[in-house]
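The data block below is input_5.txt; it holds compact mmCIF, N, CA and C atoms.
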```txt
# COMPACT_ATOMS: atom_id res chain seq x y z
N MET A 7 0.81 -1.20 0.00
CA MET A 7 0.00 0.00 0.00
C MET A 7 0.85 1.26 0.00
N LYS A 8 1.97 1.20 0.62
CA LYS A 8 2.82 2.38 0.62
C LYS A 8 3.32 2.73 -0.79
N ARG A 9 3.51 1.70 -1.61
CA ARG A 9 3.99 1.95 -2.97
C ARG A 9 2.99 2.78 -3.77
N ASN A 10 1.72 2.47 -3.69
CA ASN A 10 0.71 3.22 -4.42
C ASN A 10 0.64 4.66 -3.92
N GLY A 11 0.82 4.86 -2.66
CA GLY A 11 0.80 6.21 -2.10
C GLY A 11 1.96 7.03 -2.62
N ARG A 12 3.12 6.41 -2.70
CA ARG A 12 4.29 7.12 -3.23
C ARG A 12 4.13 7.44 -4.71
N ALA A 13 3.58 6.52 -5.50
CA ALA A 13 3.40 6.74 -6.94
C ALA A 13 2.44 7.90 -7.17
N ALA A 14 1.43 8.03 -6.35
CA ALA A 14 0.47 9.12 -6.51
C ALA A 14 1.10 10.46 -6.17
N GLU A 15 2.04 10.48 -5.26
CA GLU A 15 2.68 11.72 -4.84
C GLU A 15 3.80 12.13 -5.78
N ARG A 16 4.23 11.25 -6.62
CA ARG A 16 5.39 11.45 -7.47
C ARG A 16 5.23 12.63 -8.43
N GLY A 17 4.06 12.87 -8.98
CA GLY A 17 3.85 13.96 -9.92
C GLY A 17 4.23 13.55 -11.34
N MET A 18 4.45 14.53 -12.19
CA MET A 18 4.78 14.29 -13.60
C MET A 18 6.29 14.23 -13.77
N THR A 19 6.72 13.37 -14.67
CA THR A 19 8.15 13.29 -14.97
C THR A 19 8.51 14.37 -15.97
N LEU A 20 9.78 14.60 -16.13
CA LEU A 20 10.27 15.59 -17.09
C LEU A 20 9.84 15.23 -18.51
N ILE A 21 9.88 13.98 -18.85
CA ILE A 21 9.48 13.55 -20.20
C ILE A 21 8.00 13.84 -20.43
N GLU A 22 7.16 13.59 -19.45
CA GLU A 22 5.73 13.87 -19.59
C GLU A 22 5.49 15.37 -19.79
N ILE A 23 6.21 16.18 -19.05
CA ILE A 23 6.08 17.63 -19.20
C ILE A 23 6.53 18.07 -20.59
N MET A 24 7.63 17.51 -21.07
CA MET A 24 8.13 17.87 -22.41
C MET A 24 7.14 17.45 -23.49
N VAL A 25 6.50 16.30 -23.35
CA VAL A 25 5.50 15.85 -24.32
C VAL A 25 4.32 16.83 -24.35
N VAL A 26 3.85 17.23 -23.18
CA VAL A 26 2.73 18.18 -23.10
C VAL A 26 3.11 19.51 -23.74
N ILE A 27 4.30 20.02 -23.46
CA ILE A 27 4.75 21.30 -24.03
C ILE A 27 4.87 21.19 -25.55
N THR A 28 5.39 20.07 -26.04
CA THR A 28 5.51 19.86 -27.49
C THR A 28 4.14 19.86 -28.15
N ILE A 29 3.19 19.17 -27.56
CA ILE A 29 1.84 19.13 -28.12
C ILE A 29 1.22 20.52 -28.13
N LEU A 30 1.37 21.25 -27.04
CA LEU A 30 0.84 22.62 -26.99
C LEU A 30 1.51 23.51 -28.04
N GLY A 31 2.81 23.33 -28.24
CA GLY A 31 3.53 24.09 -29.26
C GLY A 31 3.02 23.81 -30.67
N LEU A 32 2.76 22.55 -30.96
CA LEU A 32 2.23 22.17 -32.27
C LEU A 32 0.83 22.76 -32.50
N ILE A 33 0.01 22.71 -31.47
CA ILE A 33 -1.33 23.29 -31.58
C ILE A 33 -1.24 24.80 -31.79
N ALA A 34 -0.39 25.48 -31.03
CA ALA A 34 -0.22 26.93 -31.18
C ALA A 34 0.28 27.29 -32.57
N ALA A 35 1.21 26.51 -33.12
CA ALA A 35 1.74 26.78 -34.46
C ALA A 35 0.65 26.63 -35.51
N ALA A 36 -0.17 25.59 -35.40
CA ALA A 36 -1.26 25.38 -36.36
C ALA A 36 -2.27 26.51 -36.30
N VAL A 37 -2.60 26.96 -35.10
CA VAL A 37 -3.54 28.07 -34.95
C VAL A 37 -2.94 29.35 -35.52
N ALA A 38 -1.68 29.61 -35.24
CA ALA A 38 -1.02 30.83 -35.74
C ALA A 38 -1.00 30.87 -37.25
N VAL A 39 -0.70 29.76 -37.90
CA VAL A 39 -0.66 29.73 -39.37
C VAL A 39 -2.04 30.06 -39.93
N ASN A 40 -3.08 29.50 -39.36
CA ASN A 40 -4.44 29.77 -39.85
C ASN A 40 -4.86 31.20 -39.58
N VAL A 41 -4.52 31.75 -38.43
CA VAL A 41 -4.92 33.12 -38.09
C VAL A 41 -4.19 34.12 -38.97
N VAL A 42 -2.90 33.93 -39.21
CA VAL A 42 -2.15 34.86 -40.05
C VAL A 42 -2.70 34.86 -41.46
N GLY A 43 -3.03 33.70 -42.00
CA GLY A 43 -3.61 33.62 -43.34
C GLY A 43 -4.95 34.32 -43.41
N ARG A 44 -5.75 34.16 -42.39
CA ARG A 44 -7.07 34.81 -42.35
C ARG A 44 -6.95 36.32 -42.22
N MET A 45 -5.96 36.79 -41.48
CA MET A 45 -5.76 38.24 -41.34
C MET A 45 -5.42 38.86 -42.68
N SER A 46 -4.58 38.20 -43.44
CA SER A 46 -4.21 38.69 -44.76
C SER A 46 -5.44 38.76 -45.67
N GLU A 47 -6.24 37.70 -45.67
CA GLU A 47 -7.47 37.68 -46.47
C GLU A 47 -8.42 38.78 -46.02
N ALA A 48 -8.54 38.99 -44.73
CA ALA A 48 -9.45 40.01 -44.19
C ALA A 48 -9.01 41.41 -44.61
N ARG A 49 -7.71 41.68 -44.60
CA ARG A 49 -7.22 43.00 -45.03
C ARG A 49 -7.51 43.24 -46.51
N ILE A 50 -7.30 42.21 -47.33
CA ILE A 50 -7.57 42.35 -48.76
C ILE A 50 -9.06 42.61 -48.99
N LYS A 51 -9.92 41.87 -48.31
CA LYS A 51 -11.37 42.08 -48.45
C LYS A 51 -11.76 43.47 -47.97
N GLN A 52 -11.18 43.93 -46.86
CA GLN A 52 -11.49 45.27 -46.36
C GLN A 52 -11.06 46.34 -47.35
N ALA A 53 -9.91 46.18 -47.97
CA ALA A 53 -9.44 47.15 -48.97
C ALA A 53 -10.40 47.19 -50.15
N LYS A 54 -10.89 46.03 -50.60
CA LYS A 54 -11.84 45.99 -51.71
C LYS A 54 -13.14 46.69 -51.35
N VAL A 55 -13.61 46.49 -50.12
CA VAL A 55 -14.83 47.16 -49.66
C VAL A 55 -14.60 48.67 -49.59
N ASP A 56 -13.45 49.08 -49.06
CA ASP A 56 -13.12 50.51 -48.98
C ASP A 56 -13.08 51.14 -50.37
N ILE A 57 -12.44 50.46 -51.33
CA ILE A 57 -12.35 50.99 -52.70
C ILE A 57 -13.74 51.14 -53.30
N SER A 58 -14.60 50.15 -53.08
CA SER A 58 -15.97 50.23 -53.57
C SER A 58 -16.71 51.40 -52.93
N ASN A 59 -16.50 51.61 -51.64
CA ASN A 59 -17.12 52.73 -50.93
C ASN A 59 -16.61 54.06 -51.47
N ILE A 60 -15.31 54.15 -51.70
CA ILE A 60 -14.73 55.40 -52.23
C ILE A 60 -15.31 55.70 -53.61
N THR A 61 -15.44 54.68 -54.45
CA THR A 61 -15.96 54.93 -55.80
C THR A 61 -17.45 55.28 -55.77
N ASN A 62 -18.25 54.50 -55.04
CA ASN A 62 -19.70 54.70 -55.06
C ASN A 62 -20.15 55.89 -54.23
N ASN A 63 -19.71 55.97 -52.98
CA ASN A 63 -20.18 57.02 -52.07
C ASN A 63 -19.34 58.28 -52.15
N GLY A 64 -18.17 58.18 -52.74
CA GLY A 64 -17.30 59.34 -52.82
C GLY A 64 -17.24 59.93 -54.22
N ILE A 65 -16.54 59.27 -55.10
CA ILE A 65 -16.25 59.83 -56.43
C ILE A 65 -17.51 59.96 -57.28
N ASP A 66 -18.31 58.90 -57.35
CA ASP A 66 -19.53 58.98 -58.16
C ASP A 66 -20.51 60.00 -57.60
N ALA A 67 -20.62 60.07 -56.29
CA ALA A 67 -21.50 61.08 -55.67
C ALA A 67 -20.95 62.48 -55.92
N TYR A 68 -19.65 62.65 -55.88
CA TYR A 68 -19.01 63.94 -56.18
C TYR A 68 -19.35 64.36 -57.60
N LYS A 69 -19.27 63.42 -58.55
CA LYS A 69 -19.57 63.75 -59.95
C LYS A 69 -21.02 64.17 -60.11
N VAL A 70 -21.93 63.48 -59.45
CA VAL A 70 -23.34 63.85 -59.53
C VAL A 70 -23.55 65.25 -58.95
N SER A 71 -22.90 65.56 -57.85
CA SER A 71 -23.06 66.85 -57.19
C SER A 71 -22.35 67.98 -57.93
N LYS A 72 -21.12 67.75 -58.37
CA LYS A 72 -20.30 68.81 -58.97
C LYS A 72 -20.28 68.80 -60.50
N GLY A 73 -20.75 67.72 -61.11
CA GLY A 73 -20.77 67.64 -62.56
C GLY A 73 -19.44 67.22 -63.18
N ARG A 74 -18.49 66.81 -62.35
CA ARG A 74 -17.18 66.37 -62.84
C ARG A 74 -16.53 65.50 -61.78
N PHE A 75 -15.53 64.73 -62.24
CA PHE A 75 -14.74 63.96 -61.30
C PHE A 75 -13.71 64.87 -60.65
N PRO A 76 -13.28 64.56 -59.43
CA PRO A 76 -12.18 65.34 -58.86
C PRO A 76 -10.91 65.11 -59.67
N THR A 77 -10.05 66.08 -59.72
CA THR A 77 -8.77 65.91 -60.40
C THR A 77 -7.86 65.03 -59.55
N SER A 78 -6.78 64.57 -60.16
CA SER A 78 -5.81 63.77 -59.38
C SER A 78 -5.22 64.61 -58.26
N GLU A 79 -5.04 65.90 -58.50
CA GLU A 79 -4.48 66.79 -57.48
C GLU A 79 -5.45 66.97 -56.32
N GLU A 80 -6.74 67.10 -56.62
CA GLU A 80 -7.74 67.23 -55.55
C GLU A 80 -7.86 65.90 -54.79
N GLY A 81 -8.00 64.83 -55.53
CA GLY A 81 -8.00 63.48 -54.99
C GLY A 81 -9.01 63.23 -53.89
N ILE A 82 -8.71 62.25 -53.08
CA ILE A 82 -9.59 61.81 -52.01
C ILE A 82 -9.76 62.88 -50.93
N PRO A 83 -8.75 63.72 -50.64
CA PRO A 83 -8.98 64.78 -49.66
C PRO A 83 -10.15 65.71 -50.02
N ALA A 84 -10.40 65.92 -51.32
CA ALA A 84 -11.55 66.74 -51.72
C ALA A 84 -12.86 66.07 -51.34
N LEU A 85 -12.89 64.75 -51.46
CA LEU A 85 -14.10 64.01 -51.10
C LEU A 85 -14.36 64.08 -49.60
N ILE A 86 -13.30 64.07 -48.82
CA ILE A 86 -13.43 64.19 -47.37
C ILE A 86 -13.85 65.62 -47.01
N LYS A 87 -13.21 66.60 -47.63
CA LYS A 87 -13.51 68.00 -47.35
C LYS A 87 -14.96 68.34 -47.68
N GLU A 88 -15.46 67.79 -48.79
CA GLU A 88 -16.84 68.06 -49.21
C GLU A 88 -17.87 67.23 -48.45
N GLY A 89 -17.41 66.28 -47.61
CA GLY A 89 -18.31 65.49 -46.78
C GLY A 89 -18.85 64.22 -47.43
N PHE A 90 -18.30 63.84 -48.58
CA PHE A 90 -18.74 62.61 -49.22
C PHE A 90 -18.16 61.37 -48.53
N LEU A 91 -16.99 61.51 -47.95
CA LEU A 91 -16.34 60.41 -47.23
C LEU A 91 -15.85 60.92 -45.89
N LYS A 92 -15.65 59.99 -44.97
CA LYS A 92 -15.10 60.33 -43.66
C LYS A 92 -13.71 59.72 -43.54
N PRO A 93 -12.78 60.45 -42.93
CA PRO A 93 -11.43 59.88 -42.74
C PRO A 93 -11.47 58.73 -41.74
N ASN A 94 -10.52 57.83 -41.87
CA ASN A 94 -10.45 56.71 -40.92
C ASN A 94 -9.14 56.71 -40.15
N SER A 95 -8.45 57.84 -40.17
CA SER A 95 -7.20 57.94 -39.42
C SER A 95 -7.16 59.28 -38.68
N SER A 96 -6.32 59.35 -37.69
CA SER A 96 -6.24 60.56 -36.87
C SER A 96 -5.67 61.74 -37.64
N ASP A 97 -4.95 61.49 -38.74
CA ASP A 97 -4.40 62.61 -39.52
C ASP A 97 -5.37 63.14 -40.57
N GLY A 98 -6.62 62.63 -40.58
CA GLY A 98 -7.64 63.15 -41.48
C GLY A 98 -7.61 62.55 -42.87
N HIS A 99 -6.89 61.46 -43.07
CA HIS A 99 -6.82 60.80 -44.37
C HIS A 99 -7.61 59.51 -44.36
N LEU A 100 -7.81 58.98 -45.55
CA LEU A 100 -8.45 57.68 -45.72
C LEU A 100 -7.36 56.67 -46.01
N LYS A 101 -7.12 55.76 -45.07
CA LYS A 101 -6.00 54.81 -45.17
C LYS A 101 -6.52 53.41 -45.48
N ASP A 102 -5.69 52.63 -46.18
CA ASP A 102 -6.02 51.24 -46.44
C ASP A 102 -5.72 50.40 -45.19
N PRO A 103 -6.07 49.13 -45.17
CA PRO A 103 -5.86 48.32 -43.96
C PRO A 103 -4.39 48.18 -43.54
N TRP A 104 -3.46 48.52 -44.42
CA TRP A 104 -2.03 48.44 -44.09
C TRP A 104 -1.47 49.79 -43.64
N GLY A 105 -2.34 50.81 -43.57
CA GLY A 105 -1.92 52.12 -43.08
C GLY A 105 -1.40 53.07 -44.15
N HIS A 106 -1.58 52.73 -45.43
CA HIS A 106 -1.15 53.60 -46.52
C HIS A 106 -2.35 54.35 -47.08
N ASP A 107 -2.10 55.56 -47.60
CA ASP A 107 -3.18 56.32 -48.23
C ASP A 107 -3.65 55.60 -49.49
N TYR A 108 -4.97 55.66 -49.74
CA TYR A 108 -5.49 55.18 -51.02
C TYR A 108 -5.04 56.16 -52.10
N VAL A 109 -4.85 55.67 -53.30
CA VAL A 109 -4.37 56.48 -54.42
C VAL A 109 -5.53 56.70 -55.38
N TYR A 110 -5.71 57.96 -55.80
CA TYR A 110 -6.74 58.31 -56.77
C TYR A 110 -6.08 58.94 -57.98
N LEU A 111 -6.43 58.45 -59.17
CA LEU A 111 -5.90 59.01 -60.41
C LEU A 111 -7.04 59.28 -61.38
N TYR A 112 -7.05 60.50 -61.94
CA TYR A 112 -8.01 60.83 -62.99
C TYR A 112 -7.29 61.64 -64.06
N PRO A 113 -7.22 61.14 -65.29
CA PRO A 113 -7.72 59.85 -65.76
C PRO A 113 -6.88 58.71 -65.20
N GLY A 114 -7.49 57.55 -65.15
CA GLY A 114 -6.83 56.40 -64.55
C GLY A 114 -5.88 55.69 -65.50
N GLN A 115 -5.02 54.88 -64.93
CA GLN A 115 -4.12 54.04 -65.74
C GLN A 115 -4.85 52.77 -66.16
N ALA A 116 -5.55 52.12 -65.26
CA ALA A 116 -6.31 50.92 -65.58
C ALA A 116 -7.60 51.25 -66.31
N HIS A 117 -8.14 52.44 -66.04
CA HIS A 117 -9.38 52.92 -66.67
C HIS A 117 -9.12 54.30 -67.29
N PRO A 118 -8.51 54.37 -68.47
CA PRO A 118 -8.13 55.66 -69.06
C PRO A 118 -9.31 56.60 -69.33
N ASP A 119 -10.52 56.04 -69.53
CA ASP A 119 -11.70 56.88 -69.78
C ASP A 119 -12.40 57.28 -68.50
N SER A 120 -11.87 56.86 -67.38
CA SER A 120 -12.51 57.10 -66.10
C SER A 120 -11.42 57.39 -65.05
N TYR A 121 -11.54 56.80 -63.90
CA TYR A 121 -10.60 57.04 -62.79
C TYR A 121 -10.16 55.72 -62.18
N ASP A 122 -9.09 55.77 -61.43
CA ASP A 122 -8.61 54.62 -60.67
C ASP A 122 -8.58 54.98 -59.19
N VAL A 123 -9.01 54.06 -58.37
CA VAL A 123 -8.79 54.13 -56.93
C VAL A 123 -7.99 52.88 -56.59
N LYS A 124 -6.81 53.09 -55.97
CA LYS A 124 -5.89 51.98 -55.75
C LYS A 124 -5.45 51.89 -54.30
N SER A 125 -5.15 50.65 -53.93
CA SER A 125 -4.36 50.37 -52.75
C SER A 125 -3.18 49.56 -53.25
N TYR A 126 -1.98 49.94 -52.85
CA TYR A 126 -0.79 49.22 -53.30
C TYR A 126 -0.50 47.99 -52.43
N GLY A 127 -1.39 47.64 -51.54
CA GLY A 127 -1.22 46.44 -50.73
C GLY A 127 -0.31 46.64 -49.54
N ALA A 128 0.12 45.53 -48.98
CA ALA A 128 0.89 45.55 -47.73
C ALA A 128 2.21 46.29 -47.86
N ASP A 129 2.87 46.18 -49.02
CA ASP A 129 4.18 46.81 -49.17
C ASP A 129 4.08 48.29 -49.52
N GLY A 130 2.91 48.77 -49.91
CA GLY A 130 2.73 50.19 -50.24
C GLY A 130 3.43 50.61 -51.50
N ALA A 131 3.85 49.66 -52.34
CA ALA A 131 4.57 49.96 -53.58
C ALA A 131 3.84 49.31 -54.75
N PRO A 132 3.90 49.93 -55.93
CA PRO A 132 3.24 49.35 -57.10
C PRO A 132 3.75 47.94 -57.40
N GLY A 133 2.83 47.10 -57.89
CA GLY A 133 3.18 45.73 -58.24
C GLY A 133 3.15 44.83 -57.03
N GLY A 134 3.51 43.58 -57.24
CA GLY A 134 3.58 42.63 -56.15
C GLY A 134 2.57 41.51 -56.29
N ASP A 135 2.74 40.51 -55.44
CA ASP A 135 1.86 39.35 -55.44
C ASP A 135 1.27 39.15 -54.05
N GLY A 136 0.19 38.38 -54.00
CA GLY A 136 -0.42 38.05 -52.71
C GLY A 136 -0.89 39.29 -51.99
N GLU A 137 -0.47 39.44 -50.74
CA GLU A 137 -0.88 40.59 -49.93
C GLU A 137 -0.24 41.88 -50.43
N ASN A 138 0.81 41.80 -51.21
CA ASN A 138 1.48 42.99 -51.76
C ASN A 138 0.90 43.42 -53.10
N ALA A 139 -0.06 42.68 -53.64
CA ALA A 139 -0.64 42.99 -54.95
C ALA A 139 -1.45 44.28 -54.89
N ASP A 140 -1.46 44.99 -56.00
CA ASP A 140 -2.25 46.22 -56.11
C ASP A 140 -3.72 45.84 -56.23
N LEU A 141 -4.57 46.63 -55.62
CA LEU A 141 -6.02 46.48 -55.74
C LEU A 141 -6.57 47.74 -56.39
N VAL A 142 -7.33 47.58 -57.46
CA VAL A 142 -7.86 48.71 -58.22
C VAL A 142 -9.37 48.52 -58.37
N ASN A 143 -10.09 49.65 -58.41
CA ASN A 143 -11.54 49.58 -58.61
C ASN A 143 -11.87 48.90 -59.93
N TYR A 144 -13.06 48.27 -59.98
CA TYR A 144 -13.47 47.56 -61.19
C TYR A 144 -14.56 48.29 -61.92
```

Just give me the structure of the file as structure tokens.
Amino acid sequence: MKRNGRAAERGMTLIEIMVVITILGLIAAAVAVNVVGRMSEARIKQAKVDISNITNNGIDAYKVSKGRFPTSEEGIPALIKEGFLKPNSSDGHLKDPWGHDYVYLYPGQAHPDSYDVKSYGADGAPGGDGENADLVNY
């Protein structure tokens, strides 16, 4: 009977603790990989929604009200100043999910007869793949 009492008091061995830590590490790694991938997808989707909002509620509404598109020089700040859009940053600008200003061009490069609203993606530079890819209005 004393043997069973001692075995119960013994606790976990070092190997058992290492196995538990390894399992927890594998679970944490799997969760992290899935969460990081989802965050990237969420930022891209948010940028697409923002671009759609800028085009529909900002630029197109500006054209209906003013009879013309804003110039590239006026850009998105004119839409904010006129009250068509609200800034989403403390500096009064409209930023993409990566913290870069959205780019407005009239006439556009992708749409020469119209305008472009762009986000240059995570890297903030033209071109790129995946999360760094440019997003342009359709």

Open item on the list: Is it possible to get the residues within 9 Å of (0.2, 49.3, -54.5) (coordinates as in the file, counting only C-alpha atoms) written as a PyMOL selection string?
Closed with: chain A and resi 108-109+124-134+138-142

Open item on the list: Quick check for you: according to DSSP on this backbone, which residues of segment 35-120 of chain A are classed as helix (DSSP H, G or I)? Reply as an NGL selection string.
Closed with: :A and (35-72 or 81-87)

Open item on the list: Would you pick out the contacts of Ile57 of chain A at 12 Å or less, using only C-alpha atoms, so that residues sharing its chain but fewer than 2 positions from it are not included, and give the list as a ChimeraX atom specification?
Closed with: /A:50-55,59-65,82,91,100-103,107-110,121-126,140-144

TODO: Take atom CA of Ala36 of chain A and atom N of His106 of chain A and report the distance between them in Å, one decimal.
DONE: 28.8 Å

Task: One-decimal distance in Å that lies between atom C of Ser78 of chain A and atom CA of Tyr112 of chain A - done: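 Result for atom CA of Tyr112 of chain A versus atom C of Ser78 of chain A: 6.7 Å, one decimal.
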
Find the smallest box with edges along x, y and z containing every listed atom of segment 47-50 of chain A, then add 8 Å on each side and report centre and edge lengths in Å to one decimal, as AutoDock Vina command-line options.
```
--center_x -7.8 --center_y 40.5 --center_z -46.6 --size_x 19.2 --size_y 21.6 --size_z 20.8
```

Task: For Glu79 of chain A, the nearest of the candidates A:Leu111, A:Leu32, A:Ser46, A:Asp119, counting only C-alpha atoms - done: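 Going through A:Leu111, A:Leu32, A:Ser46, A:Asp119 one by one, the smallest distance to Glu79 of chain A is for A:Leu111.
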